[in-house]
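Below you'll find the structure, written out as structure tokens, and then a few comments.
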Amino acid sequence: MTHIGLLFGSFNPIHIGHLALANYMRETQAMDEIWLVVSPQNPFKISNDLTSGDQRLRMVQIALRNRPHYRACDVEMSMPVPSFTIDTLRVLEQQHPDVNFSLIMGTDIIQSIPQWRNGQEIVARYRLYVYPRPGYDLPDLEATPNVVVTDAPMLDVSSTFIRQHLKNGKDMCFYLPAGVDDYIREHALYSGAATSR
Ligand SMILES: Nc1ncnc2c1ncn2[C@@H]1O[C@H](COP(=O)(O)OP(=O)(O)OP(=O)(O)O)[C@@H](O)[C@H]1O
Ligand SMILES: O=C(O)c1ccc[n+]([C@@H]2O[C@H](COP(=O)([O-])O)[C@@H](O)[C@H]2O)c1
């Protein structure tokens, strides 16, 4: 059975931390493919600087082009918002009955799972590959046999960090996957002003 790891996120924007993590998981956790599922609207995040879902999806596609084992997954684009992960998992399982799906998430995300819609069901039914994120401890996972704690190296970068610096006119080219920096400039994302180079 094909094993696919799902990395859900807002990807506002995608950065090298997301890619390094996806790479690490595929190479160390026997995953055939990694799909980055772009969520138009996280139920918990109210953000003024949330770029459109289509543009965030486009940036993920740019970052993953020519990488056949990594896919930008647009399934949530045609689903109701906000994006509840349990609903997405059900749709993906219907579309791909021959696939074994796992979830990949940082300690920042797993801490909030008890508050998610059907959070208990997600933890009970899916294998969760968890990795450390700076500032977020691993919660008590004794009763959760499906959780696999990995020691993926921590890259202390976040979309928030990148957005803040872009807003201040900084060049974040090496924090962003190839091509994404150009896309951000061309579409004047995060800075509020179009620039050329
Ligand atoms: N530097 C990183 N290294 C590894 N995983 C990361 C990193 N940044 C984000 N992730 C993970 O990627 C997934 C999607 O994250 P998300 O799109 O929220 O990125 P983010 O950088 O945390 O964004 P923001 O700063 O806007 O909250 C989450 O599971 C998150 O833990
Ligand atoms: O299903 C839920 O109740 C739920 C609650 C909070 C977050 N999520 C999902 O978790 C993912 C992480 O989001 P983000 O914005 O932190 O990258 C994203 O796909 C959200 O839709 C899902």
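As shown in the structure tokens, the chain order sets the letters A, B, ...; within each chain, residues go from 1, and ligands are also counted from 1 in the order they appear.
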
Can you build me a table of range 167-192 of chain A residues sitting at most 12 Å from range 2-20 of chain A, with the closest atom pair per residue and its distance in Å to one decimal, using only C-alpha atoms, sorted by chain and residue number, as a tab-separated table?
residue	atom	partner	partner_atom	distance
A:Met172	CA	A:His15	CA	9.9
A:Cys173	CA	A:His15	CA	9.9
A:Phe174	CA	A:Ile16	CA	8.1
A:Tyr175	CA	A:Ile16	CA	5.7
A:Leu176	CA	A:His15	CA	4.7
A:Pro177	CA	A:Ile16	CA	5.9
A:Ala178	CA	A:Ile16	CA	9.4
A:Gly179	CA	A:Ile14	CA	11.2
A:Val180	CA	A:Ile14	CA	8.1
A:Asp181	CA	A:Pro13	CA	9.7
A:Tyr183	CA	A:Pro13	CA	10.6
A:Ile184	CA	A:Pro13	CA	8.9
A:Leu189	CA	A:Pro13	CA	9.5
A:Tyr190	CA	A:Pro13	CA	9.2

Would you mind listing the residues within 8 Å of ligand 2, counting only C-alpha atoms and all ligand atoms, as a count of residues only? 29

Option closest in space to ligand 1, from A:Gln95, A:Thr150, A:Thr107, A:Ser52 [counting only C-alpha atoms and all ligand atoms]: A:Thr107

With only C-alpha atoms as the basis for distance, which of A:Ile104, A:Ala72, A:Val60, A:Ile122 is at the shortest distance from Ala22 in chain A?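 Checking each candidate against Ala22 in chain A, we get A:Ile104 as the closest.
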
Tell me, which residues of range 50-194 of chain A carry DSSP strand (DSSP E), written as an mmCIF file with C-alpha atoms, in the first residue's frame?
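Resulting contents of result_12.cif:
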data_model
loop_
_atom_site.group_PDB
_atom_site.id
_atom_site.type_symbol
_atom_site.label_atom_id
_atom_site.label_comp_id
_atom_site.auth_asym_id
_atom_site.auth_seq_id
_atom_site.Cartn_x
_atom_site.Cartn_y
_atom_site.Cartn_z
ATOM 1 C CA TYR A 70 6.230 15.821 -3.357
ATOM 2 C CA ARG A 71 2.829 17.192 -4.289
ATOM 3 C CA ALA A 72 0.880 20.395 -3.700
ATOM 4 C CA CYS A 73 -2.560 19.131 -2.681
ATOM 5 C CA VAL A 99 -3.459 4.804 0.044
ATOM 6 C CA ASN A 100 -2.329 4.740 3.668
ATOM 7 C CA PHE A 101 -2.350 8.369 4.843
ATOM 8 C CA SER A 102 -0.329 9.652 7.802
ATOM 9 C CA LEU A 103 -0.123 13.152 9.222
ATOM 10 C CA ILE A 104 3.052 15.148 9.756
ATOM 11 C CA MET A 105 2.978 17.941 12.314
ATOM 12 C CA GLY A 106 5.127 20.044 14.571
ATOM 13 C CA LEU A 128 0.973 11.155 13.462
ATOM 14 C CA TYR A 129 4.630 11.915 12.787
ATOM 15 C CA VAL A 130 5.615 14.664 15.176
ATOM 16 C CA TYR A 131 8.777 16.754 15.229
ATOM 17 C CA VAL A 147 2.186 9.137 17.582
ATOM 18 C CA VAL A 148 5.709 8.695 16.227
ATOM 19 C CA VAL A 149 8.131 11.224 17.651
#

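DSSP, applied to the backbone of this structure, assigns alpha helix (DSSP H) to the following residues of range 18-84 of chain A: His18, Leu19, Ala20, Leu21, Ala22, Asn23, Tyr24, Met25, Arg26, Glu27, Thr28, Gly53, Asp54, Gln55, Arg56, Leu57, Arg58, Met59, Val60, Gln61, Ile62, Ala63 and Leu64 of chain A.
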
For the selection just defined, write its residues with N, CA and C atoms to a file, as an mmCIF file, in the first residue's frame.
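This went into out_11.cif:
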data_model
loop_
_atom_site.group_PDB
_atom_site.id
_atom_site.type_symbol
_atom_site.label_atom_id
_atom_site.label_comp_id
_atom_site.auth_asym_id
_atom_site.auth_seq_id
_atom_site.Cartn_x
_atom_site.Cartn_y
_atom_site.Cartn_z
ATOM 1 N N HIS A 18 9.534 24.120 5.782
ATOM 2 C CA HIS A 18 8.534 23.141 5.330
ATOM 3 C C HIS A 18 9.185 22.100 4.416
ATOM 4 N N LEU A 19 10.022 22.571 3.498
ATOM 5 C CA LEU A 19 10.630 21.650 2.526
ATOM 6 C C LEU A 19 11.612 20.702 3.203
ATOM 7 N N ALA A 20 12.425 21.243 4.098
ATOM 8 C CA ALA A 20 13.405 20.393 4.787
ATOM 9 C C ALA A 20 12.685 19.309 5.583
ATOM 10 N N LEU A 21 11.602 19.686 6.221
ATOM 11 C CA LEU A 21 10.829 18.711 7.000
ATOM 12 C C LEU A 21 10.234 17.623 6.102
ATOM 13 N N ALA A 22 9.626 18.043 5.001
ATOM 14 C CA ALA A 22 9.026 17.070 4.074
ATOM 15 C C ALA A 22 10.099 16.110 3.569
ATOM 16 N N ASN A 23 11.241 16.644 3.234
ATOM 17 C CA ASN A 23 12.368 15.853 2.747
ATOM 18 C C ASN A 23 12.806 14.842 3.803
ATOM 19 N N TYR A 24 12.942 15.321 5.027
ATOM 20 C CA TYR A 24 13.382 14.455 6.131
ATOM 21 C C TYR A 24 12.399 13.309 6.353
ATOM 22 N N MET A 25 11.116 13.630 6.352
ATOM 23 C CA MET A 25 10.097 12.605 6.622
ATOM 24 C C MET A 25 10.079 11.548 5.526
ATOM 25 N N ARG A 26 10.153 11.982 4.285
ATOM 26 C CA ARG A 26 10.128 10.983 3.199
ATOM 27 C C ARG A 26 11.336 10.066 3.279
ATOM 28 N N GLU A 27 12.486 10.629 3.575
ATOM 29 C CA GLU A 27 13.708 9.833 3.555
ATOM 30 C C GLU A 27 13.885 8.957 4.792
ATOM 31 N N THR A 28 13.285 9.332 5.916
ATOM 32 C CA THR A 28 13.541 8.573 7.145
ATOM 33 C C THR A 28 12.348 7.759 7.641
ATOM 34 N N GLY A 53 -5.838 31.886 -0.936
ATOM 35 C CA GLY A 53 -5.534 30.462 -0.994
ATOM 36 C C GLY A 53 -4.911 30.082 -2.332
ATOM 37 N N ASP A 54 -5.421 30.674 -3.403
ATOM 38 C CA ASP A 54 -4.885 30.357 -4.738
ATOM 39 C C ASP A 54 -3.418 30.751 -4.844
ATOM 40 N N GLN A 55 -3.072 31.895 -4.290
ATOM 41 C CA GLN A 55 -1.673 32.335 -4.380
ATOM 42 C C GLN A 55 -0.766 31.479 -3.495
ATOM 43 N N ARG A 56 -1.254 31.087 -2.333
ATOM 44 C CA ARG A 56 -0.435 30.219 -1.468
ATOM 45 C C ARG A 56 -0.255 28.842 -2.112
ATOM 46 N N LEU A 57 -1.326 28.357 -2.741
ATOM 47 C CA LEU A 57 -1.212 27.076 -3.456
ATOM 48 C C LEU A 57 -0.200 27.203 -4.597
ATOM 49 N N ARG A 58 -0.262 28.310 -5.320
ATOM 50 C CA ARG A 58 0.665 28.511 -6.446
ATOM 51 C C ARG A 58 2.118 28.481 -5.958
ATOM 52 N N MET A 59 2.357 29.118 -4.812
ATOM 53 C CA MET A 59 3.735 29.138 -4.296
ATOM 54 C C MET A 59 4.199 27.730 -3.915
ATOM 55 N N VAL A 60 3.295 26.935 -3.377
ATOM 56 C CA VAL A 60 3.665 25.552 -3.031
ATOM 57 C C VAL A 60 3.947 24.768 -4.316
ATOM 58 N N GLN A 61 3.122 25.007 -5.341
ATOM 59 C CA GLN A 61 3.374 24.321 -6.628
ATOM 60 C C GLN A 61 4.737 24.707 -7.189
ATOM 61 N N ILE A 62 5.067 25.975 -7.115
ATOM 62 C CA ILE A 62 6.372 26.438 -7.625
ATOM 63 C C ILE A 62 7.489 25.747 -6.844
ATOM 64 N N ALA A 63 7.340 25.701 -5.534
ATOM 65 C CA ALA A 63 8.393 25.117 -4.685
ATOM 66 C C ALA A 63 8.624 23.636 -4.986
ATOM 67 N N LEU A 64 7.563 22.943 -5.413
ATOM 68 C CA LEU A 64 7.652 21.487 -5.577
ATOM 69 C C LEU A 64 7.781 21.046 -7.033
#

Could you pull the residues within 10 Å of range 133-137 of chain A, counting only C-alpha atoms, minus those fewer than 5 positions along the same chain, as a list of chain:residue names?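 Selected residues are A:Met105, A:Gly106, A:Thr107, A:Asp108, A:Ile109, A:Ile110, A:Gln111, A:Ala152, A:Pro153, A:Met154, A:Leu155, A:Asp156, A:Val157, A:Ser158.
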
Please produce a file of the residues just selected, as a short mmCIF file (atom, residue, chain, number, x, y, z; two decimals), in the first residue's frame, where the atoms kept are N, CA and C atoms.
data_model
loop_
_atom_site.label_atom_id
_atom_site.label_comp_id
_atom_site.auth_asym_id
_atom_site.auth_seq_id
_atom_site.Cartn_x
_atom_site.Cartn_y
_atom_site.Cartn_z
N MET A 105 3.26 16.65 11.66
CA MET A 105 2.98 17.94 12.31
C MET A 105 4.00 18.28 13.37
N GLY A 106 4.20 19.57 13.55
CA GLY A 106 5.13 20.04 14.57
C GLY A 106 4.48 20.03 15.94
N THR A 107 5.33 20.16 16.98
CA THR A 107 4.80 20.19 18.34
C THR A 107 3.90 21.41 18.55
N ASP A 108 4.04 22.43 17.70
CA ASP A 108 3.14 23.59 17.80
C ASP A 108 1.71 23.19 17.47
N ILE A 109 1.57 22.32 16.48
CA ILE A 109 0.24 21.93 16.01
C ILE A 109 -0.36 20.84 16.91
N ILE A 110 0.45 19.86 17.30
CA ILE A 110 -0.14 18.72 18.03
C ILE A 110 -0.70 19.15 19.39
N GLN A 111 -0.14 20.20 19.94
CA GLN A 111 -0.66 20.68 21.23
C GLN A 111 -2.13 21.06 21.14
N ALA A 152 13.59 15.14 13.70
CA ALA A 152 13.91 16.01 12.56
C ALA A 152 14.65 17.24 13.08
N PRO A 153 15.72 17.63 12.42
CA PRO A 153 16.45 18.81 12.90
C PRO A 153 15.56 20.05 12.86
N MET A 154 15.73 20.90 13.84
CA MET A 154 14.90 22.11 13.91
C MET A 154 15.50 23.22 13.08
N LEU A 155 14.70 23.77 12.22
CA LEU A 155 15.10 24.96 11.47
C LEU A 155 14.25 26.10 12.01
N ASP A 156 14.87 27.01 12.68
CA ASP A 156 14.11 28.04 13.39
C ASP A 156 13.68 29.15 12.42
N VAL A 157 12.72 28.81 11.58
CA VAL A 157 12.17 29.77 10.62
C VAL A 157 10.66 29.54 10.57
N SER A 158 9.92 30.59 10.37
CA SER A 158 8.46 30.47 10.28
C SER A 158 7.95 31.44 9.22
#
